[in-house]
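**Q** Okay, here's the structure, questions in a sec.
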Amino acid sequence: MSYTVLENDREVPSRVPLDNAVNWSLFRKRQDAESYLERVRLSDGHELVGGHSRDSIGDYWWVGVRVTSLSTWGHSQSINKHGRHGDS
């Protein structure tokens with residue numbers, strides 16, 4: 001599997017919003033992000049997104065799903081965010 005999505009210099013969507021990103025997970029080890037990527041299954045109208053950045057703790061990688069239309073995804077409360085920055 002290609003891990004090029006992890007090469008993007010892009011912060012996680014909870015820090016820098018990314019239109020139509022509906023699900024993402026954050027990892028502190030690239031290997032963990034790669035393992036997660038191997039299990040992601042996409043449906044029509046879904047696209048794999050992700051990236052690499054750094055915060056006060058250190059490097060992180062994130063993997064997510066972006067949809068063509070939020071209206072086809074469902075209610076905005078069904079947007080899942082794992083490892084979000086800035087949550088209380």
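Scheme for the structure tokens: letters A, B, ... for chains in order shown; per-chain residue numbers from 1; ligand numbers from 1 in order shown.
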Would you please give, as a CSV table (one decimal) with N, CA and C atoms, in the first residue's frame, all residues of region 10-86 of chain A that DSSP assigns to helix (DSSP H, G or I) based on the backbone?
**A**
```
chain,number,residue,atom,x,y,z
A,30,ARG,N,4.6,7.0,13.1
A,30,ARG,CA,4.3,6.8,11.7
A,30,ARG,C,3.8,5.3,11.5
A,31,GLN,N,4.5,4.4,12.1
A,31,GLN,CA,4.2,3.0,11.9
A,31,GLN,C,2.7,2.7,12.3
A,32,ASP,N,2.2,3.3,13.4
A,32,ASP,CA,0.9,3.1,13.8
A,32,ASP,C,-0.1,3.7,12.7
A,33,ALA,N,0.2,4.8,12.2
A,33,ALA,CA,-0.6,5.4,11.1
A,33,ALA,C,-0.6,4.5,9.9
A,34,GLU,N,0.5,3.9,9.5
A,34,GLU,CA,0.6,3.0,8.4
A,34,GLU,C,-0.3,1.8,8.6
A,35,SER,N,-0.2,1.2,9.9
A,35,SER,CA,-1.0,0.1,10.2
A,35,SER,C,-2.5,0.4,10.1
A,36,TYR,N,-2.9,1.6,10.5
A,36,TYR,CA,-4.3,2.0,10.4
A,36,TYR,C,-4.7,2.1,9.0
A,37,LEU,N,-3.8,2.7,8.1
A,37,LEU,CA,-4.1,2.9,6.7
A,37,LEU,C,-4.5,1.6,6.0
A,70,LEU,N,-21.1,16.6,2.5
A,70,LEU,CA,-21.4,16.3,3.9
A,70,LEU,C,-22.9,15.9,4.0
A,71,SER,N,-23.8,16.3,3.1
A,71,SER,CA,-25.2,15.9,3.2
A,71,SER,C,-25.4,14.4,2.9
A,72,THR,N,-24.5,13.8,2.2
A,72,THR,CA,-24.6,12.4,2.0
A,72,THR,C,-24.0,11.6,3.1
A,73,TRP,N,-23.2,12.2,3.9
A,73,TRP,CA,-22.5,11.6,5.0
A,73,TRP,C,-23.5,11.4,6.2
A,76,SER,N,-24.2,16.3,11.1
A,76,SER,CA,-22.8,16.7,11.5
A,76,SER,C,-22.3,16.1,12.8
A,77,GLN,N,-23.2,15.7,13.6
A,77,GLN,CA,-22.8,15.1,14.9
A,77,GLN,C,-22.2,13.7,14.6
A,78,SER,N,-22.4,13.1,13.4
A,78,SER,CA,-21.8,11.8,13.1
A,78,SER,C,-20.4,11.9,12.6
```
**Q** Show which residues sit within 10 Å of Lys29 (chain A), as a PDB file with all heavy atoms, in the first residue's frame. Count only C-alpha atoms, and ignore same-chain residues fewer than 5 positions away.
**A**
```
ATOM      1  N   GLU A  34       0.523   3.943   9.539  1.00  0.00           N
ATOM      2  CA  GLU A  34       0.592   3.018   8.408  1.00  0.00           C
ATOM      3  C   GLU A  34      -0.256   1.773   8.649  1.00  0.00           C
ATOM      4  O   GLU A  34      -0.972   1.322   7.749  1.00  0.00           O
ATOM      5  CB  GLU A  34       2.040   2.629   8.134  1.00  0.00           C
ATOM      6  CG  GLU A  34       2.867   3.768   7.589  1.00  0.00           C
ATOM      7  CD  GLU A  34       4.336   3.438   7.467  1.00  0.00           C
ATOM      8  OE1 GLU A  34       4.776   2.347   7.912  1.00  0.00           O
ATOM      9  OE2 GLU A  34       5.082   4.275   6.908  1.00  0.00           O
ATOM     10  N   ASP A  59       6.290  15.077  16.853  1.00  0.00           N
ATOM     11  CA  ASP A  59       5.717  14.733  15.558  1.00  0.00           C
ATOM     12  C   ASP A  59       4.418  13.969  15.723  1.00  0.00           C
ATOM     13  O   ASP A  59       4.232  13.238  16.700  1.00  0.00           O
ATOM     14  CB  ASP A  59       6.682  13.851  14.760  1.00  0.00           C
ATOM     15  CG  ASP A  59       7.891  14.618  14.258  1.00  0.00           C
ATOM     16  OD1 ASP A  59       7.772  15.825  14.027  1.00  0.00           O
ATOM     17  OD2 ASP A  59       8.955  13.990  14.096  1.00  0.00           O
ATOM     18  N   TYR A  60       3.537  14.146  14.731  1.00  0.00           N
ATOM     19  CA  TYR A  60       2.341  13.319  14.648  1.00  0.00           C
ATOM     20  C   TYR A  60       1.970  13.106  13.196  1.00  0.00           C
ATOM     21  O   TYR A  60       2.355  13.869  12.320  1.00  0.00           O
ATOM     22  CB  TYR A  60       1.165  13.901  15.445  1.00  0.00           C
ATOM     23  CG  TYR A  60       0.562  15.175  14.898  1.00  0.00           C
ATOM     24  CD1 TYR A  60      -0.376  15.150  13.871  1.00  0.00           C
ATOM     25  CD2 TYR A  60       0.919  16.407  15.429  1.00  0.00           C
ATOM     26  CE1 TYR A  60      -0.945  16.326  13.382  1.00  0.00           C
ATOM     27  CE2 TYR A  60       0.362  17.581  14.948  1.00  0.00           C
ATOM     28  CZ  TYR A  60      -0.572  17.536  13.928  1.00  0.00           C
ATOM     29  OH  TYR A  60      -1.126  18.696  13.449  1.00  0.00           O
ATOM     30  N   TRP A  61       1.265  12.017  12.952  1.00  0.00           N
ATOM     31  CA  TRP A  61       0.730  11.674  11.647  1.00  0.00           C
ATOM     32  C   TRP A  61      -0.750  11.467  11.833  1.00  0.00           C
ATOM     33  O   TRP A  61      -1.198  11.007  12.877  1.00  0.00           O
ATOM     34  CB  TRP A  61       1.370  10.388  11.124  1.00  0.00           C
ATOM     35  CG  TRP A  61       2.809  10.559  10.803  1.00  0.00           C
ATOM     36  CD1 TRP A  61       3.356  10.794   9.584  1.00  0.00           C
ATOM     37  CD2 TRP A  61       3.916  10.528  11.718  1.00  0.00           C
ATOM     38  NE1 TRP A  61       4.723  10.927   9.677  1.00  0.00           N
ATOM     39  CE2 TRP A  61       5.093  10.758  10.983  1.00  0.00           C
ATOM     40  CE3 TRP A  61       4.024  10.337  13.094  1.00  0.00           C
ATOM     41  CZ2 TRP A  61       6.349  10.800  11.566  1.00  0.00           C
ATOM     42  CZ3 TRP A  61       5.266  10.372  13.671  1.00  0.00           C
ATOM     43  CH2 TRP A  61       6.424  10.605  12.920  1.00  0.00           C
ATOM     44  N   TRP A  62      -1.526  11.818  10.811  1.00  0.00           N
ATOM     45  CA  TRP A  62      -2.962  11.597  10.918  1.00  0.00           C
ATOM     46  C   TRP A  62      -3.493  11.022   9.605  1.00  0.00           C
ATOM     47  O   TRP A  62      -2.930  11.229   8.534  1.00  0.00           O
ATOM     48  CB  TRP A  62      -3.696  12.872  11.321  1.00  0.00           C
ATOM     49  CG  TRP A  62      -3.671  13.972  10.312  1.00  0.00           C
ATOM     50  CD1 TRP A  62      -2.694  14.923  10.161  1.00  0.00           C
ATOM     51  CD2 TRP A  62      -4.652  14.239   9.320  1.00  0.00           C
ATOM     52  NE1 TRP A  62      -3.019  15.762   9.132  1.00  0.00           N
ATOM     53  CE2 TRP A  62      -4.212  15.366   8.587  1.00  0.00           C
ATOM     54  CE3 TRP A  62      -5.857  13.655   8.959  1.00  0.00           C
ATOM     55  CZ2 TRP A  62      -4.950  15.904   7.534  1.00  0.00           C
ATOM     56  CZ3 TRP A  62      -6.580  14.188   7.913  1.00  0.00           C
ATOM     57  CH2 TRP A  62      -6.134  15.303   7.221  1.00  0.00           C
TER      58      TRP A  62
END
```
**Q** Identify, on the basis of only C-alpha atoms, every residue whose closest approach to Arg10 (chain A) does not exceed 8 Å; exclude the query and any residue fewer than 2 positions from it along the same chain; express the result as number ranges by chain.
**A** A: 8, 12, 50-53
**Q** Generate the output file for the selected residues, all heavy atoms, as a PDB file, in the first residue's frame.
**A**
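Result written to part-v4.pdb:
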```pdb
ATOM      1  N   ASN A   8       2.226  14.387   3.301  1.00  0.00           N
ATOM      2  CA  ASN A   8       1.684  15.749   3.223  1.00  0.00           C
ATOM      3  C   ASN A   8       2.034  16.536   4.476  1.00  0.00           C
ATOM      4  O   ASN A   8       1.833  16.059   5.591  1.00  0.00           O
ATOM      5  CB  ASN A   8       0.158  15.723   3.085  1.00  0.00           C
ATOM      6  CG  ASN A   8      -0.297  15.075   1.810  1.00  0.00           C
ATOM      7  OD1 ASN A   8       0.365  15.171   0.785  1.00  0.00           O
ATOM      8  ND2 ASN A   8      -1.424  14.395   1.863  1.00  0.00           N
ATOM      9  N   VAL A  12      -3.609  18.336  11.439  1.00  0.00           N
ATOM     10  CA  VAL A  12      -4.864  17.613  11.632  1.00  0.00           C
ATOM     11  C   VAL A  12      -6.046  18.587  11.497  1.00  0.00           C
ATOM     12  O   VAL A  12      -5.930  19.763  11.874  1.00  0.00           O
ATOM     13  CB  VAL A  12      -4.835  16.903  13.010  1.00  0.00           C
ATOM     14  CG1 VAL A  12      -4.906  17.872  14.155  1.00  0.00           C
ATOM     15  CG2 VAL A  12      -5.910  15.862  13.124  1.00  0.00           C
ATOM     16  N   GLY A  50      -4.726  12.794   4.824  1.00  0.00           N
ATOM     17  CA  GLY A  50      -3.845  12.625   5.970  1.00  0.00           C
ATOM     18  C   GLY A  50      -2.676  13.569   5.875  1.00  0.00           C
ATOM     19  O   GLY A  50      -2.602  14.420   4.992  1.00  0.00           O
ATOM     20  N   GLY A  51      -1.764  13.393   6.800  1.00  0.00           N
ATOM     21  CA  GLY A  51      -0.601  14.249   6.784  1.00  0.00           C
ATOM     22  C   GLY A  51       0.311  14.031   7.973  1.00  0.00           C
ATOM     23  O   GLY A  51       0.126  13.117   8.774  1.00  0.00           O
ATOM     24  N   HIS A  52       1.259  14.916   8.036  1.00  0.00           N
ATOM     25  CA  HIS A  52       2.276  14.883   9.087  1.00  0.00           C
ATOM     26  C   HIS A  52       2.481  16.312   9.553  1.00  0.00           C
ATOM     27  O   HIS A  52       2.466  17.247   8.761  1.00  0.00           O
ATOM     28  CB  HIS A  52       3.576  14.327   8.502  1.00  0.00           C
ATOM     29  CG  HIS A  52       4.742  14.483   9.426  1.00  0.00           C
ATOM     30  ND1 HIS A  52       5.658  15.500   9.279  1.00  0.00           N
ATOM     31  CD2 HIS A  52       5.120  13.778  10.502  1.00  0.00           C
ATOM     32  CE1 HIS A  52       6.566  15.383  10.241  1.00  0.00           C
ATOM     33  NE2 HIS A  52       6.273  14.352  10.993  1.00  0.00           N
ATOM     34  N   SER A  53       2.637  16.477  10.849  1.00  0.00           N
ATOM     35  CA  SER A  53       2.953  17.791  11.393  1.00  0.00           C
ATOM     36  C   SER A  53       3.627  17.601  12.740  1.00  0.00           C
ATOM     37  O   SER A  53       3.983  16.485  13.118  1.00  0.00           O
ATOM     38  CB  SER A  53       1.683  18.644  11.518  1.00  0.00           C
ATOM     39  OG  SER A  53       2.036  19.997  11.754  1.00  0.00           O
TER      40      SER A  53
END
```
**Q** Would you please give, as a compact mmCIF listing (two decimals) with N, CA and C atoms, in the first residue's frame, all residues of chain A that DSSP assigns to strand (DSSP E) based on the backbone?
**A**
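The file below, out-v5.txt, is the result:
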```txt
# COMPACT_ATOMS: atom_id res chain seq x y z
N ALA A 21 -13.84 16.89 5.62
CA ALA A 21 -13.16 15.83 6.36
C ALA A 21 -14.11 15.40 7.47
N VAL A 22 -14.44 14.10 7.51
CA VAL A 22 -15.47 13.63 8.44
C VAL A 22 -14.96 12.63 9.47
N ASN A 23 -13.80 12.12 9.28
CA ASN A 23 -13.28 11.13 10.21
C ASN A 23 -11.76 11.18 10.14
N TRP A 24 -11.12 11.26 11.30
CA TRP A 24 -9.66 11.19 11.30
C TRP A 24 -9.16 10.68 12.64
N SER A 25 -7.97 10.12 12.57
CA SER A 25 -7.29 9.62 13.77
C SER A 25 -5.86 10.11 13.74
N LEU A 26 -5.34 10.42 14.91
CA LEU A 26 -4.01 10.97 15.06
C LEU A 26 -3.11 9.94 15.72
N PHE A 27 -1.87 9.85 15.25
CA PHE A 27 -0.90 8.88 15.75
C PHE A 27 0.43 9.56 16.04
N HIS A 46 -15.76 8.83 -1.23
CA HIS A 46 -14.86 9.01 -0.09
C HIS A 46 -13.42 9.03 -0.59
N GLU A 47 -12.61 9.83 0.06
CA GLU A 47 -11.21 9.98 -0.32
C GLU A 47 -10.35 9.90 0.93
N LEU A 48 -9.23 9.25 0.81
CA LEU A 48 -8.28 9.16 1.90
C LEU A 48 -7.51 10.47 2.00
N VAL A 49 -7.39 11.02 3.21
CA VAL A 49 -6.60 12.23 3.45
C VAL A 49 -5.71 11.96 4.66
N GLY A 50 -4.73 12.79 4.82
CA GLY A 50 -3.85 12.62 5.97
C GLY A 50 -2.68 13.57 5.87
N GLY A 51 -1.76 13.39 6.80
CA GLY A 51 -0.60 14.25 6.78
C GLY A 51 0.31 14.03 7.97
N HIS A 52 1.26 14.92 8.04
CA HIS A 52 2.28 14.88 9.09
C HIS A 52 2.48 16.31 9.55
N SER A 53 2.64 16.48 10.85
CA SER A 53 2.95 17.79 11.39
C SER A 53 3.63 17.60 12.74
N ARG A 54 3.76 18.68 13.45
CA ARG A 54 4.45 18.68 14.74
C ARG A 54 3.73 19.64 15.66
N ASP A 59 6.29 15.08 16.85
CA ASP A 59 5.72 14.73 15.56
C ASP A 59 4.42 13.97 15.72
N TYR A 60 3.54 14.15 14.73
CA TYR A 60 2.34 13.32 14.65
C TYR A 60 1.97 13.11 13.20
N TRP A 61 1.27 12.02 12.95
CA TRP A 61 0.73 11.67 11.65
C TRP A 61 -0.75 11.47 11.83
N TRP A 62 -1.53 11.82 10.81
CA TRP A 62 -2.96 11.60 10.92
C TRP A 62 -3.49 11.02 9.61
N VAL A 63 -4.56 10.27 9.75
CA VAL A 63 -5.21 9.61 8.62
C VAL A 63 -6.70 9.89 8.74
N GLY A 64 -7.33 10.24 7.63
CA GLY A 64 -8.75 10.53 7.68
C GLY A 64 -9.47 10.23 6.39
N VAL A 65 -10.76 10.53 6.42
CA VAL A 65 -11.63 10.34 5.26
C VAL A 65 -12.29 11.68 4.95
N ARG A 66 -12.33 11.98 3.67
CA ARG A 66 -12.98 13.19 3.18
C ARG A 66 -14.08 12.75 2.22
N VAL A 67 -15.24 13.36 2.34
CA VAL A 67 -16.38 12.98 1.50
C VAL A 67 -16.68 14.07 0.48
N ASN A 80 -16.68 11.89 13.13
CA ASN A 80 -15.84 11.30 14.17
C ASN A 80 -14.44 11.89 14.10
N LYS A 81 -13.93 12.31 15.25
CA LYS A 81 -12.60 12.90 15.32
C LYS A 81 -11.87 12.24 16.49
N HIS A 82 -10.79 11.59 16.19
CA HIS A 82 -10.03 10.89 17.22
C HIS A 82 -8.67 11.55 17.37
```
**Q** Could you jot down the CA of Asp19 (chain A) to CA of Gly58 (chain A) separation for me, Å, one decimal place?
**A**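 Interatomic distance, CA of Asp19 (chain A) to CA of Gly58 (chain A): 25.3 Å.
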**Q** Compare A:Ser56, A:Thr68, A:Arg28, A:Asn20 by their minimum atom-to-atom distance to Ser43 (chain A), counting only C-alpha atoms, and give me the closest one.
**A**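 The shortest atom-to-atom distance to Ser43 (chain A) comes from A:Thr68.
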